[in-house]
>>> print(open('final_16.cif').read())   # mmCIF, C-alpha atoms
data_structure
loop_
_atom_site.label_atom_id
_atom_site.label_comp_id
_atom_site.auth_asym_id
_atom_site.auth_seq_id
_atom_site.Cartn_x
_atom_site.Cartn_y
_atom_site.Cartn_z
CA MET A 1 16.97 10.84 26.25
CA ASP A 2 13.77 12.87 25.79
CA LYS A 3 10.45 11.40 26.78
CA LEU A 4 8.91 11.23 23.35
CA SER A 5 11.83 9.21 22.01
CA LEU A 6 11.44 6.81 24.90
CA ILE A 7 7.85 6.08 23.93
CA GLU A 8 8.86 5.82 20.31
CA LYS A 9 11.53 3.27 21.15
CA TYR A 10 9.04 1.35 23.26
CA PHE A 11 6.83 0.89 20.20
CA GLU A 12 9.85 0.08 18.06
CA ASP A 13 10.87 -2.48 20.64
CA THR A 14 14.37 -1.03 20.66
CA LEU A 15 14.67 0.13 24.31
CA SER A 16 17.96 -0.78 25.96
CA PRO A 17 17.69 -2.30 29.46
CA LYS A 18 18.65 1.04 30.97
CA GLU A 19 16.09 2.94 28.89
CA ARG A 20 13.51 0.35 29.84
CA GLU A 21 14.13 1.17 33.51
CA GLU A 22 13.73 4.86 32.81
CA PHE A 23 10.53 4.13 30.89
CA ASP A 24 9.05 2.08 33.74
CA SER A 25 9.84 4.68 36.34
CA LEU A 26 8.33 7.52 34.27
CA ILE A 27 5.13 5.54 33.77
CA ASN A 28 4.74 5.39 37.54
CA THR A 29 5.74 8.94 38.37
CA ASP A 30 4.99 11.21 35.43
CA SER A 31 1.27 11.46 34.69
CA GLU A 32 1.81 13.46 31.49
CA PHE A 33 4.11 10.73 30.21
CA LYS A 34 1.62 8.07 31.11
CA LYS A 35 -1.15 9.94 29.32
CA ASP A 36 0.95 10.23 26.20
CA PHE A 37 1.79 6.57 26.25
CA GLU A 38 -1.83 5.58 26.72
CA PHE A 39 -2.91 7.78 23.85
CA GLN A 40 -0.48 6.07 21.53
CA THR A 41 -1.52 2.64 22.75
CA ASN A 42 -5.13 3.50 22.01
CA LEU A 43 -4.15 4.81 18.60
CA GLN A 44 -2.39 1.54 17.89
CA GLN A 45 -5.51 -0.38 18.89
CA VAL A 46 -7.70 1.70 16.61
CA ILE A 47 -5.40 1.35 13.61
CA GLN A 48 -5.22 -2.37 14.26
CA GLN A 49 -8.99 -2.60 14.38
CA ASN A 50 -9.32 -0.65 11.12
CA LYS A 51 -6.75 -2.77 9.34
CA ARG A 52 -8.47 -5.93 10.54
CA GLU A 53 -11.85 -4.81 9.30
CA GLU A 54 -10.36 -3.73 6.00
CA LEU A 55 -8.78 -7.13 5.36
CA LYS A 56 -11.85 -8.97 6.62
CA LYS A 57 -14.04 -7.17 4.08
CA GLU A 58 -11.49 -7.84 1.37
CA LEU A 59 -11.48 -11.56 2.17
CA GLN A 60 -15.28 -11.66 2.40
CA ASP A 61 -15.44 -10.08 -1.05
CA LEU A 62 -13.02 -12.70 -2.30
CA GLU A 63 -14.98 -15.51 -0.67
CA PHE A 64 -18.20 -14.13 -2.15
CA ASN A 65 -16.65 -14.31 -5.60
CA ILE A 66 -15.32 -17.83 -5.09
CA THR A 67 -18.63 -19.20 -3.82
CA ASN A 68 -20.64 -17.49 -6.51
CA LYS A 69 -18.43 -18.70 -9.30
CA VAL A 70 -18.87 -22.26 -8.13
CA LYS A 71 -22.63 -21.85 -7.94
CA LYS A 72 -22.95 -20.19 -11.31
CA LYS A 73 -20.81 -22.78 -12.98
CA SER A 74 -22.84 -25.71 -11.77
CA ALA A 75 -26.26 -24.16 -12.20
CA PHE A 76 -26.26 -22.61 -15.64
CA PRO A 77 -23.38 -23.79 -17.79
CA LEU A 78 -25.39 -23.55 -20.99
CA LEU A 79 -27.00 -20.28 -20.13
CA LYS A 80 -23.59 -18.72 -19.87
CA VAL A 81 -22.63 -19.82 -23.34
CA ALA A 82 -25.94 -18.58 -24.69
CA ALA A 83 -25.45 -15.27 -22.93
CA SER A 84 -22.01 -14.77 -24.40
CA ILE A 85 -23.28 -15.48 -27.88
CA VAL A 86 -26.03 -12.91 -27.44
CA LEU A 87 -23.45 -10.51 -26.06
CA ILE A 88 -21.12 -10.96 -29.02
CA PHE A 89 -23.94 -10.28 -31.45
CA SER A 90 -25.29 -7.32 -29.59
CA LEU A 91 -21.82 -5.83 -29.19
CA GLY A 92 -21.34 -6.19 -32.92
CA ALA A 93 -24.66 -4.55 -33.59
CA TYR A 94 -23.85 -1.87 -31.07
CA PHE A 95 -20.64 -0.90 -32.81
CA LEU A 96 -22.26 -0.99 -36.24
CA LEU A 97 -25.25 1.08 -35.30
CA ASN A 98 -23.99 3.38 -32.66
CA ASN A 99 -21.28 5.86 -33.42
CA ASN A 100 -22.66 8.66 -31.29
CA PRO A 101 -20.90 9.61 -28.10
CA THR A 102 -22.56 7.82 -25.25
CA SER A 103 -24.92 9.74 -23.01
CA SER A 104 -24.58 9.81 -19.25
CA GLU A 105 -27.73 7.80 -18.87
CA ASP A 106 -26.38 5.03 -21.11
CA LEU A 107 -23.11 4.98 -19.24
CA PHE A 108 -24.96 4.76 -15.96
CA GLN A 109 -26.98 1.82 -17.19
CA GLU A 110 -23.88 0.16 -18.51
CA TYR A 111 -21.78 0.46 -15.38
CA TYR A 112 -24.21 0.46 -12.50
CA SER A 113 -24.90 -2.68 -10.58
CA PRO A 114 -26.06 -2.58 -6.96
CA TYR A 115 -23.28 -3.23 -4.49
CA GLU A 116 -23.37 -6.84 -3.45
CA ASN A 117 -24.31 -7.86 0.04
CA VAL A 118 -20.98 -8.57 1.65
CA VAL A 119 -22.09 -7.81 5.16
CA GLN A 120 -24.95 -10.09 6.03
CA PRO A 121 -24.81 -13.43 4.30
CA ILE A 122 -28.32 -14.71 3.82
CA VAL A 123 -28.61 -18.22 5.10
CA ARG A 124 -31.74 -20.21 4.70
CA GLY A 125 -33.32 -21.28 7.97
CA GLU A 126 -31.35 -18.74 9.95
CA SER A 127 -33.41 -17.52 12.83
CA SER A 128 -32.30 -13.88 12.81
CA GLU A 129 -35.31 -11.80 12.08
CA THR A 130 -33.78 -8.40 12.66
CA ILE A 131 -34.72 -5.44 10.52
CA GLU A 132 -31.22 -5.44 9.08
CA PHE A 133 -31.63 -9.06 8.05
CA LYS A 134 -34.98 -8.35 6.40
CA ALA A 135 -33.49 -5.36 4.63
CA PHE A 136 -30.78 -7.48 3.06
CA LEU A 137 -33.35 -10.09 2.15
CA SER A 138 -35.38 -7.56 0.17
CA TYR A 139 -32.19 -6.10 -1.26
CA GLU A 140 -31.11 -9.44 -2.63
CA LYS A 141 -34.56 -9.97 -4.09
CA GLN A 142 -34.16 -6.57 -5.76
CA GLU A 143 -37.19 -5.17 -3.97
CA TYR A 144 -35.53 -1.83 -3.52
CA LYS A 145 -38.52 0.13 -2.25
CA GLU A 146 -39.05 -2.26 0.65
CA ALA A 147 -35.32 -2.56 1.22
CA LEU A 148 -34.94 1.22 1.34
CA ALA A 149 -37.48 1.61 4.14
CA LEU A 150 -35.93 -1.28 6.06
CA PHE A 151 -32.37 0.02 5.70
CA GLU A 152 -33.54 3.40 6.93
CA SER A 153 -35.07 2.04 10.09
CA ALA A 154 -32.21 -0.41 10.62
CA TYR A 155 -29.79 2.50 10.41
CA ASN A 156 -31.83 4.54 12.88
CA ASN A 157 -31.74 1.64 15.31
CA THR A 158 -28.15 0.52 15.01
CA GLN A 159 -26.23 3.47 13.51
CA LYS A 160 -24.10 1.04 11.53
CA PRO A 161 -22.50 3.20 8.83
CA HIS A 162 -22.41 0.58 6.10
CA LEU A 163 -26.22 0.51 6.07
CA LEU A 164 -26.07 3.98 4.51
CA LEU A 165 -24.14 2.53 1.61
CA TYR A 166 -26.87 0.02 0.91
CA LYS A 167 -29.54 2.67 1.37
CA ALA A 168 -27.78 4.73 -1.31
CA ASN A 169 -27.77 1.73 -3.61
CA CYS A 170 -31.52 1.30 -3.18
CA LEU A 171 -31.98 4.98 -4.00
CA LEU A 172 -29.83 4.66 -7.10
CA SER A 173 -31.82 1.67 -8.27
CA LEU A 174 -34.96 3.71 -7.69
CA GLN A 175 -33.52 6.61 -9.71
CA GLN A 176 -33.25 9.04 -6.84
CA PRO A 177 -29.65 10.19 -7.26
CA GLU A 178 -29.89 13.36 -5.13
CA GLN A 179 -30.88 11.39 -2.08
CA ALA A 180 -28.32 8.73 -2.87
CA ILE A 181 -25.64 11.43 -2.87
CA SER A 182 -26.65 12.71 0.52
CA ALA A 183 -26.66 9.17 1.98
CA LEU A 184 -23.19 8.53 0.54
CA ASN A 185 -21.81 11.79 1.85
CA LYS A 186 -23.21 10.97 5.25
CA TYR A 187 -21.56 7.56 5.07
CA LEU A 188 -18.19 9.15 4.36
CA THR A 189 -18.39 11.19 7.55
CA LYS A 190 -18.91 8.02 9.61
CA GLU A 191 -16.24 5.59 8.49
CA GLU A 192 -13.99 4.91 5.56
CA ILE A 193 -13.78 1.19 5.21
CA PHE A 194 -15.75 1.38 1.98
CA LYS A 195 -14.45 4.81 0.99
CA ASP A 196 -13.56 3.64 -2.51
CA LYS A 197 -16.96 2.06 -3.03
CA ALA A 198 -18.75 5.15 -1.73
CA ASN A 199 -16.82 7.33 -4.18
CA TRP A 200 -17.63 4.94 -7.00
CA TYR A 201 -21.34 5.20 -6.29
CA LEU A 202 -21.08 8.97 -5.87
CA GLY A 203 -19.61 9.08 -9.37
CA LEU A 204 -22.48 6.98 -10.68
CA SER A 205 -25.02 9.17 -8.89
CA TYR A 206 -23.68 12.23 -10.67
CA LEU A 207 -23.75 10.32 -13.91
CA GLN A 208 -27.41 9.66 -13.32
CA LEU A 209 -27.83 13.40 -12.76
CA ASN A 210 -25.99 14.02 -16.02
CA ASN A 211 -23.27 15.96 -14.20
CA LYS A 212 -20.22 14.62 -15.97
CA GLU A 213 -17.66 16.87 -14.32
CA GLN A 214 -18.62 15.83 -10.80
CA ALA A 215 -18.84 12.21 -11.89
CA LYS A 216 -15.29 12.37 -13.22
CA LYS A 217 -14.05 13.90 -9.99
CA TYR A 218 -15.36 10.99 -7.92
CA PHE A 219 -14.12 8.34 -10.33
CA LYS A 220 -10.68 9.89 -10.06
CA ASN A 221 -10.98 9.72 -6.27
CA VAL A 222 -11.61 5.99 -6.48
CA ARG A 223 -8.54 5.57 -8.65
CA GLU A 224 -6.49 7.38 -5.99
CA LEU A 225 -7.90 5.28 -3.18
CA SER A 226 -7.66 1.72 -4.44
CA LYS A 227 -7.81 -0.65 -7.36
CA TYR A 228 -11.57 -1.01 -6.97
CA LYS A 229 -13.29 -1.07 -10.41
CA ASN A 230 -9.98 -0.05 -11.90
CA LYS A 231 -10.78 -1.21 -15.42
CA GLU A 232 -14.27 0.28 -15.44
CA ILE A 233 -12.96 3.62 -14.27
CA GLU A 234 -10.35 3.85 -16.99
CA GLU A 235 -13.06 3.12 -19.56
CA LEU A 236 -15.48 5.59 -18.06
CA LEU A 237 -12.94 8.39 -17.85
CA ASN A 238 -12.14 7.86 -21.52
CA LYS A 239 -15.78 8.00 -22.50
CA LEU A 240 -16.69 11.04 -20.44
CA MET B 1 7.76 -18.10 -4.59
CA ASN B 2 8.97 -19.73 -1.38
CA ASP B 3 7.56 -19.12 2.10
CA SER B 4 10.13 -16.58 3.18
CA GLU B 5 9.59 -14.50 0.05
CA LYS B 6 5.87 -14.54 0.79
CA LEU B 7 6.50 -13.39 4.35
CA GLN B 8 8.67 -10.56 3.05
CA ARG B 9 5.86 -9.36 0.84
CA ILE B 10 3.38 -9.42 3.70
CA LYS B 11 5.79 -7.29 5.71
CA LYS B 12 5.79 -4.75 2.93
CA GLY B 13 2.03 -4.38 3.33
CA ASP B 14 1.09 -6.44 0.26
CA THR B 15 -2.46 -7.79 0.58
CA LYS B 16 -2.49 -9.44 -2.84
CA ILE B 17 -0.21 -12.15 -1.51
CA LEU B 18 -2.64 -12.69 1.38
CA ARG B 19 -5.45 -13.25 -1.09
CA GLU B 20 -3.26 -15.76 -2.94
CA ILE B 21 -2.50 -17.60 0.29
CA TYR B 22 -6.21 -17.53 1.14
CA ILE B 23 -7.10 -19.20 -2.14
CA ALA B 24 -4.21 -21.68 -2.02
CA TYR B 25 -5.10 -23.18 1.37
CA ARG B 26 -8.86 -22.63 1.39
CA GLU B 27 -9.83 -26.17 0.38
CA PRO B 28 -7.30 -27.88 2.68
CA PHE B 29 -8.49 -25.70 5.54
CA LEU B 30 -12.12 -26.65 4.92
CA VAL B 31 -11.13 -30.30 5.14
CA PHE B 32 -9.00 -29.66 8.21
CA GLY B 33 -11.74 -27.60 9.91
CA LYS B 34 -14.32 -30.35 9.48
CA LYS B 35 -12.68 -32.18 12.37
CA PHE B 36 -13.64 -29.42 14.75
CA SER B 37 -16.68 -27.69 13.34
CA SER B 38 -19.64 -28.72 11.26
CA SER B 39 -20.52 -25.64 9.27
CA ASP B 40 -18.50 -24.58 6.22
CA GLU B 41 -19.55 -21.04 6.83
CA ASP B 42 -18.13 -21.02 10.36
CA ILE B 43 -14.92 -22.59 9.15
CA LEU B 44 -14.48 -20.02 6.41
CA ASP B 45 -15.25 -17.19 8.81
CA VAL B 46 -12.52 -18.47 11.11
CA TYR B 47 -10.20 -18.97 8.16
CA GLN B 48 -10.53 -15.28 7.30
CA ASP B 49 -9.76 -14.29 10.89
CA ALA B 50 -6.81 -16.68 10.89
CA ILE B 51 -5.36 -14.93 7.82
CA ILE B 52 -5.76 -11.61 9.63
CA ALA B 53 -4.08 -12.91 12.78
CA PHE B 54 -1.40 -14.51 10.65
CA ARG B 55 -0.56 -11.16 9.05
CA GLU B 56 -0.21 -9.58 12.47
CA GLN B 57 2.15 -12.26 13.69
CA VAL B 58 4.25 -11.75 10.58
CA LEU B 59 4.32 -7.98 11.12
CA LYS B 60 5.35 -8.49 14.73
CA GLY B 61 8.31 -10.55 13.59
CA LYS B 62 6.96 -13.74 15.16
CA THR B 63 7.61 -15.71 12.01
CA ASP B 64 11.20 -14.54 11.56
CA ASP B 65 12.63 -17.83 12.79
CA LEU B 66 9.78 -20.03 11.69
CA ASN B 67 10.62 -23.68 12.12
CA CYS B 68 7.62 -24.99 10.24
CA SER B 69 5.94 -24.20 6.93
CA LEU B 70 3.75 -21.17 6.46
CA LYS B 71 0.78 -23.47 5.99
CA THR B 72 1.39 -25.32 9.26
CA TYR B 73 1.69 -22.03 11.09
CA LEU B 74 -1.50 -20.66 9.54
CA PHE B 75 -3.43 -23.83 10.36
CA GLY B 76 -2.17 -23.66 13.93
CA ILE B 77 -3.70 -20.23 14.29
CA GLY B 78 -6.87 -21.47 12.61
CA LYS B 79 -7.21 -24.44 14.92
CA TYR B 80 -6.88 -22.27 17.99
CA MET B 81 -9.48 -19.88 16.65
CA ILE B 82 -12.01 -22.62 15.85
CA PHE B 83 -11.70 -23.84 19.46
CA ASP B 84 -12.15 -20.34 20.69
CA LYS B 85 -15.24 -19.85 18.58
CA ASN B 86 -16.69 -23.18 19.68
CA ARG B 87 -16.07 -22.28 23.29
CA LYS B 88 -17.88 -18.99 22.88
CA GLN B 89 -20.82 -20.68 21.22
CA ASN B 90 -20.80 -23.32 23.96
CA LYS B 91 -20.53 -26.21 21.63
CA GLU B 92 -19.82 -29.02 24.03
CA VAL B 93 -19.41 -31.55 21.25
CA SER B 94 -16.14 -30.07 20.22
CA ILE B 95 -14.49 -30.72 23.55
CA VAL B 96 -13.91 -34.31 22.60
CA ASN B 97 -12.01 -33.17 19.58
CA HIS B 98 -9.74 -30.90 21.55
CA ASP B 99 -7.64 -33.91 22.26
CA ILE B 100 -6.64 -34.38 18.67
CA LYS B 101 -2.91 -33.88 18.78
CA ASP B 102 -1.16 -32.62 15.72
CA ASP B 103 1.56 -30.22 14.63
CA TYR B 104 -0.64 -27.23 15.20
CA ASP B 105 -0.63 -26.87 18.94
CA THR B 106 2.17 -24.49 19.75
CA VAL B 107 1.08 -21.36 17.96
CA GLU B 108 0.49 -18.07 19.70
CA VAL B 109 -2.54 -16.04 18.59
CA PRO B 110 -3.29 -12.33 19.07
CA SER B 111 -6.53 -11.58 20.84
CA PHE B 112 -9.56 -10.34 18.94
CA SER B 113 -11.67 -8.13 21.12
CA ASP B 114 -14.32 -5.74 19.85
CA THR B 115 -14.62 -3.59 22.93
CA ILE B 116 -13.54 -0.04 22.36
CA ASN B 117 -12.98 2.65 24.98
CA LEU B 118 -13.99 6.30 24.84
CA GLN B 119 -10.63 7.64 23.73
CA GLN B 120 -10.42 4.99 21.02
CA ARG B 121 -13.80 6.08 19.73
CA GLN B 122 -12.58 9.68 19.59
CA ILE B 123 -9.40 8.65 17.82
CA GLN B 124 -11.41 6.64 15.32
CA LYS B 125 -13.39 9.73 14.41
CA ALA B 126 -10.39 12.04 14.29
CA LEU B 127 -8.44 9.64 12.07
CA LEU B 128 -11.05 10.14 9.35
CA GLN B 129 -10.04 13.78 9.04
CA LEU B 130 -6.32 13.09 8.88
CA GLY B 131 -4.40 13.40 5.61
CA LYS B 132 -3.26 10.44 3.57
CA LYS B 133 0.44 10.89 4.34
CA CYS B 134 -0.17 11.00 8.08
CA LYS B 135 -2.28 7.89 8.00
CA GLU B 136 0.39 6.09 6.03
CA ILE B 137 3.16 6.94 8.47
CA LEU B 138 1.07 6.11 11.54
CA THR B 139 0.01 2.78 10.04
CA LEU B 140 3.57 1.86 9.12
CA PHE B 141 4.73 2.65 12.62
CA TYR B 142 1.90 1.32 14.78
CA TYR B 143 0.59 -1.53 12.64
CA ASN B 144 3.35 -2.72 10.36
CA ASN B 145 5.71 -2.24 13.30
CA LEU B 146 8.43 -0.64 11.20
CA THR B 147 11.05 1.39 13.04
CA ILE B 148 11.59 5.06 12.17
CA GLU B 149 14.74 4.00 10.34
CA GLU B 150 12.82 1.43 8.29
CA ILE B 151 10.07 3.93 7.46
CA LYS B 152 12.75 6.33 6.25
CA ASP B 153 14.00 3.68 3.81
CA TYR B 154 10.53 2.58 2.83
CA LEU B 155 9.34 6.10 2.00
CA LYS B 156 12.75 6.99 0.52
CA TYR B 157 13.49 9.94 2.78
CA ASP B 158 17.09 11.08 3.18
CA ASN B 159 16.94 11.61 6.86
CA LYS B 160 15.21 9.82 9.68
CA ASN B 161 14.52 13.08 11.49
CA VAL B 162 12.08 13.99 8.74
CA VAL B 163 10.06 10.89 9.57
CA LYS B 164 10.34 11.54 13.28
CA SER B 165 9.06 15.07 13.07
CA GLN B 166 6.36 14.17 10.59
CA LYS B 167 5.10 11.47 12.88
CA SER B 168 4.96 13.78 15.89
CA ARG B 169 3.20 16.42 13.78
CA CYS B 170 0.58 13.83 12.84
CA LEU B 171 0.10 12.87 16.48
CA LYS B 172 -0.34 16.52 17.40
CA GLN B 173 -2.90 17.01 14.64
CA LEU B 174 -4.79 13.98 15.84
CA LYS B 175 -4.85 15.25 19.42
CA SER B 176 -5.96 18.72 18.39
CA LYS B 177 -8.86 17.26 16.39
CA ILE B 178 -9.99 15.43 19.47
CA ASN B 179 -9.65 18.35 21.85
CA GLY B 180 -10.71 21.03 19.41
#
>>> encode(input="final_16.cif", output="structure tokens")
Amino acid sequence: MDKLSLIEKYFEDTLSPKEREEFDSLINTDSEFKKDFEFQTNLQQVIQQNKREELKKELQDLEFNITNKVKKKSAFPLLKVAASIVLIFSLGAYFLLNNNPTSSEDLFQEYYSPYENVVQPIVRGESSETIEFKAFLSYEKQEYKEALALFESAYNNTQKPHLLLYKANCLLSLQQPEQAISALNKYLTKEEIFKDKANWYLGLSYLQLNNKEQAKKYFKNVRELSKYKNKEIEELLNKL
Amino acid sequence: MNDSEKLQRIKKGDTKILREIYIAYREPFLVFGKKFSSSDEDILDVYQDAIIAFREQVLKGKTDDLNCSLKTYLFGIGKYMIFDKNRKQNKEVSIVNHDIKDDYDTVEVPSFSDTINLQQRQIQKALLQLGKKCKEILTLFYYNNLTIEEIKDYLKYDNKNVVKSQKSRCLKQLKSKING
């Protein structure tokens, strides 16, 4: 049996006792074989790590939604009703008054909301006073100018890629789409855990720049990548 | 849906079912976790890791002859992980509670280590430049632990040699991106 198939069967866990012997002896005698095996073991570790992070973020998102729903429900039950009444009326008025095709700027306003903080939960009384922590604090208070500066220096210190994503969101909130685009593109060269989200915000950045073609391209990317904002994207692509 | 149908769906890479499981046992786990840890946030953090570890055990075939319910198995992983977390944070208080005997003591848990070696870092970077198809095949093989034969069926290829050669092409590409 050739060497590559031996390694393959090792990972499949289908080595026969005899093949297992051959495998063990090659590991000890053939350095090329050993190198190959180690490479694949490392690859397995990396993929495992990526899949873990992916699911962790997904579950944190889910948890964020569960906790927030509970909070919202108990805090403002009446406000919600009031808000929906206002919404129904304004939607009615909107459809009566507005038959023009929507502009990019309107679409941007309609669909943009800053990406929620899923990375650093803010806990009262927590002692962490890192720059990253302060950045998220400002971000959650919607003080985007302060948050932007803090995210920038936090990124310079730690090189954590996801900070670029939040930096881009500050820039979008501050109506600086060109810089947001460059932050997002930089993010995409570093990791791809939030690839779908990055593409979503790239689409919105181009919408803010009134570049509908580019915007469409990135929204389509998101659709390819995941179900993130699925409904919104279908709507947007119809409107554009 | 019964437990074994759920496990089948996890094996097929379905994460929606994992979210459903997460929601279904979240409250019971919070109650359960209170015995060993005081903060809801810590318990939920562990619960998320337990779901991740649970998926890996399923993919490794460890649950194929499960002699308890999915929930019991999941909580067993969770209990182990809460102890582990407490130990790392040096919470002496919890030691007393380690003696609580229940059905959850015999579960094996994969290790969670963040350390990453040089080659892994290089692979991480190179993976970003790899095509979608390659990533899919490599993930199915190295993470979902499917055999070449199973990948052939899963991706509806006629011949397992196609999968074999595609996988080795992807490995070559990955290596050349690192060396090149």
>>> residues_around(input="final_16.cif", residues="Gly78 (chain B)", least_positions_apart="2", cutoff="8 Å", atoms="all atoms listed in the file", output="number ranges by chain")
B: 46-47, 49-50, 74-76, 80-82
>>> resolve_selection(input="final_16.cif", expression="the PyMOL selection byres ((chain B) within 8 of (chain A))", output="ChimeraX atom specification")
/B:15,19,48-49,52,119-120,123-125,128,139,141-143,145-148
>>> resolve_selection(input="final_16.cif", expression="the PyMOL selection byres ((chain B and resi 71) around 12)", output="number ranges by chain")
B: 2-4, 6-7, 21-22, 24-26, 28-29, 32, 50-51, 54, 63, 66-70, 72-78, 103-104
>>> atom_distance(input="final_16.cif", atom1="CA of Ser168 (chain B)", atom2="CA of Lys3 (chain A)")
12.4 Å
>>> atom_distance(input="final_16.cif", atom1="CA of Glu136 (chain B)", atom2="CA of Arg9 (chain B)")
17.2 Å
>>> residues_around(input="final_16.cif", residues="Glu224 (chain A)", least_positions_apart="3", cutoff="12 Å", atoms="only C-alpha atoms", output="count of residues only")
15
>>> residues_around(input="final_16.cif", residues="Thr158 (chain A)", least_positions_apart="4", cutoff="10 Å", atoms="all atoms listed in the file", output="list in words")
Ile131, Glu132, Ser153, Ala154 and Leu163 of chain A
>>> write_last_selection(input="final_16.cif", atoms="C-alpha atoms", output="PDB file, keeping the file's coordinate frame")
ATOM      1  CA  ILE A 131     -34.720  -5.440  10.520  1.00  0.00           C
ATOM      2  CA  GLU A 132     -31.220  -5.440   9.080  1.00  0.00           C
ATOM      3  CA  SER A 153     -35.070   2.040  10.090  1.00  0.00           C
ATOM      4  CA  ALA A 154     -32.210  -0.410  10.620  1.00  0.00           C
ATOM      5  CA  LEU A 163     -26.220   0.510   6.070  1.00  0.00           C
TER       6      LEU A 163
END
>>> atom_distance(input="final_16.cif", atom1="CA of Tyr115 (chain A)", atom2="CA of Asn211 (chain A)")
21.5 Å
>>> resolve_selection(input="final_16.cif", expression="the PyMOL selection byres ((chain A and resi 240) around 10)", output="PyMOL selection string")
chain A and resi 101-104+107+207+212-213+215-216+235-239
>>> closest_residue(input="final_16.cif", among="A:Ala180, A:Leu137, A:Leu209, A:Cys170", to="Ser113 (chain A)", atoms="all atoms listed in the file")
A:Cys170
>>> residues_around(input="final_16.cif", residues="Leu30 (chain B)", least_positions_apart="5", cutoff="10 Å", atoms="only C-alpha atoms", output="ChimeraX atom specification")
/B:25,35,37,39-44,47
>>> write_last_selection(input="final_16.cif", atoms="C-alpha atoms", output="PDB file, in the coordinates of the input")
ATOM      1  CA  TYR B  25      -5.100 -23.180   1.370  1.00  0.00           C
ATOM      2  CA  LYS B  35     -12.680 -32.180  12.370  1.00  0.00           C
ATOM      3  CA  SER B  37     -16.680 -27.690  13.340  1.00  0.00           C
ATOM      4  CA  SER B  39     -20.520 -25.640   9.270  1.00  0.00           C
ATOM      5  CA  ASP B  40     -18.500 -24.580   6.220  1.00  0.00           C
ATOM      6  CA  GLU B  41     -19.550 -21.040   6.830  1.00  0.00           C
ATOM      7  CA  ASP B  42     -18.130 -21.020  10.360  1.00  0.00           C
ATOM      8  CA  ILE B  43     -14.920 -22.590   9.150  1.00  0.00           C
ATOM      9  CA  LEU B  44     -14.480 -20.020   6.410  1.00  0.00           C
ATOM     10  CA  TYR B  47     -10.200 -18.970   8.160  1.00  0.00           C
TER      11      TYR B  47
END
>>> axis_aligned_box(input="final_16.cif", around="region 8-20 of chain A", padding_each_side="6 Å", output="JSON")
{"center_x": 12.7, "center_y": 1.7, "center_z": 24.5, "size_x": 23.8, "size_y": 20.3, "size_z": 24.9}
>>> closest_residue(input="final_16.cif", among="B:Asn117, B:Ser111, B:Asn144, B:Asn86", to="Gln8 (chain B)", atoms="only C-alpha atoms")
B:Asn144
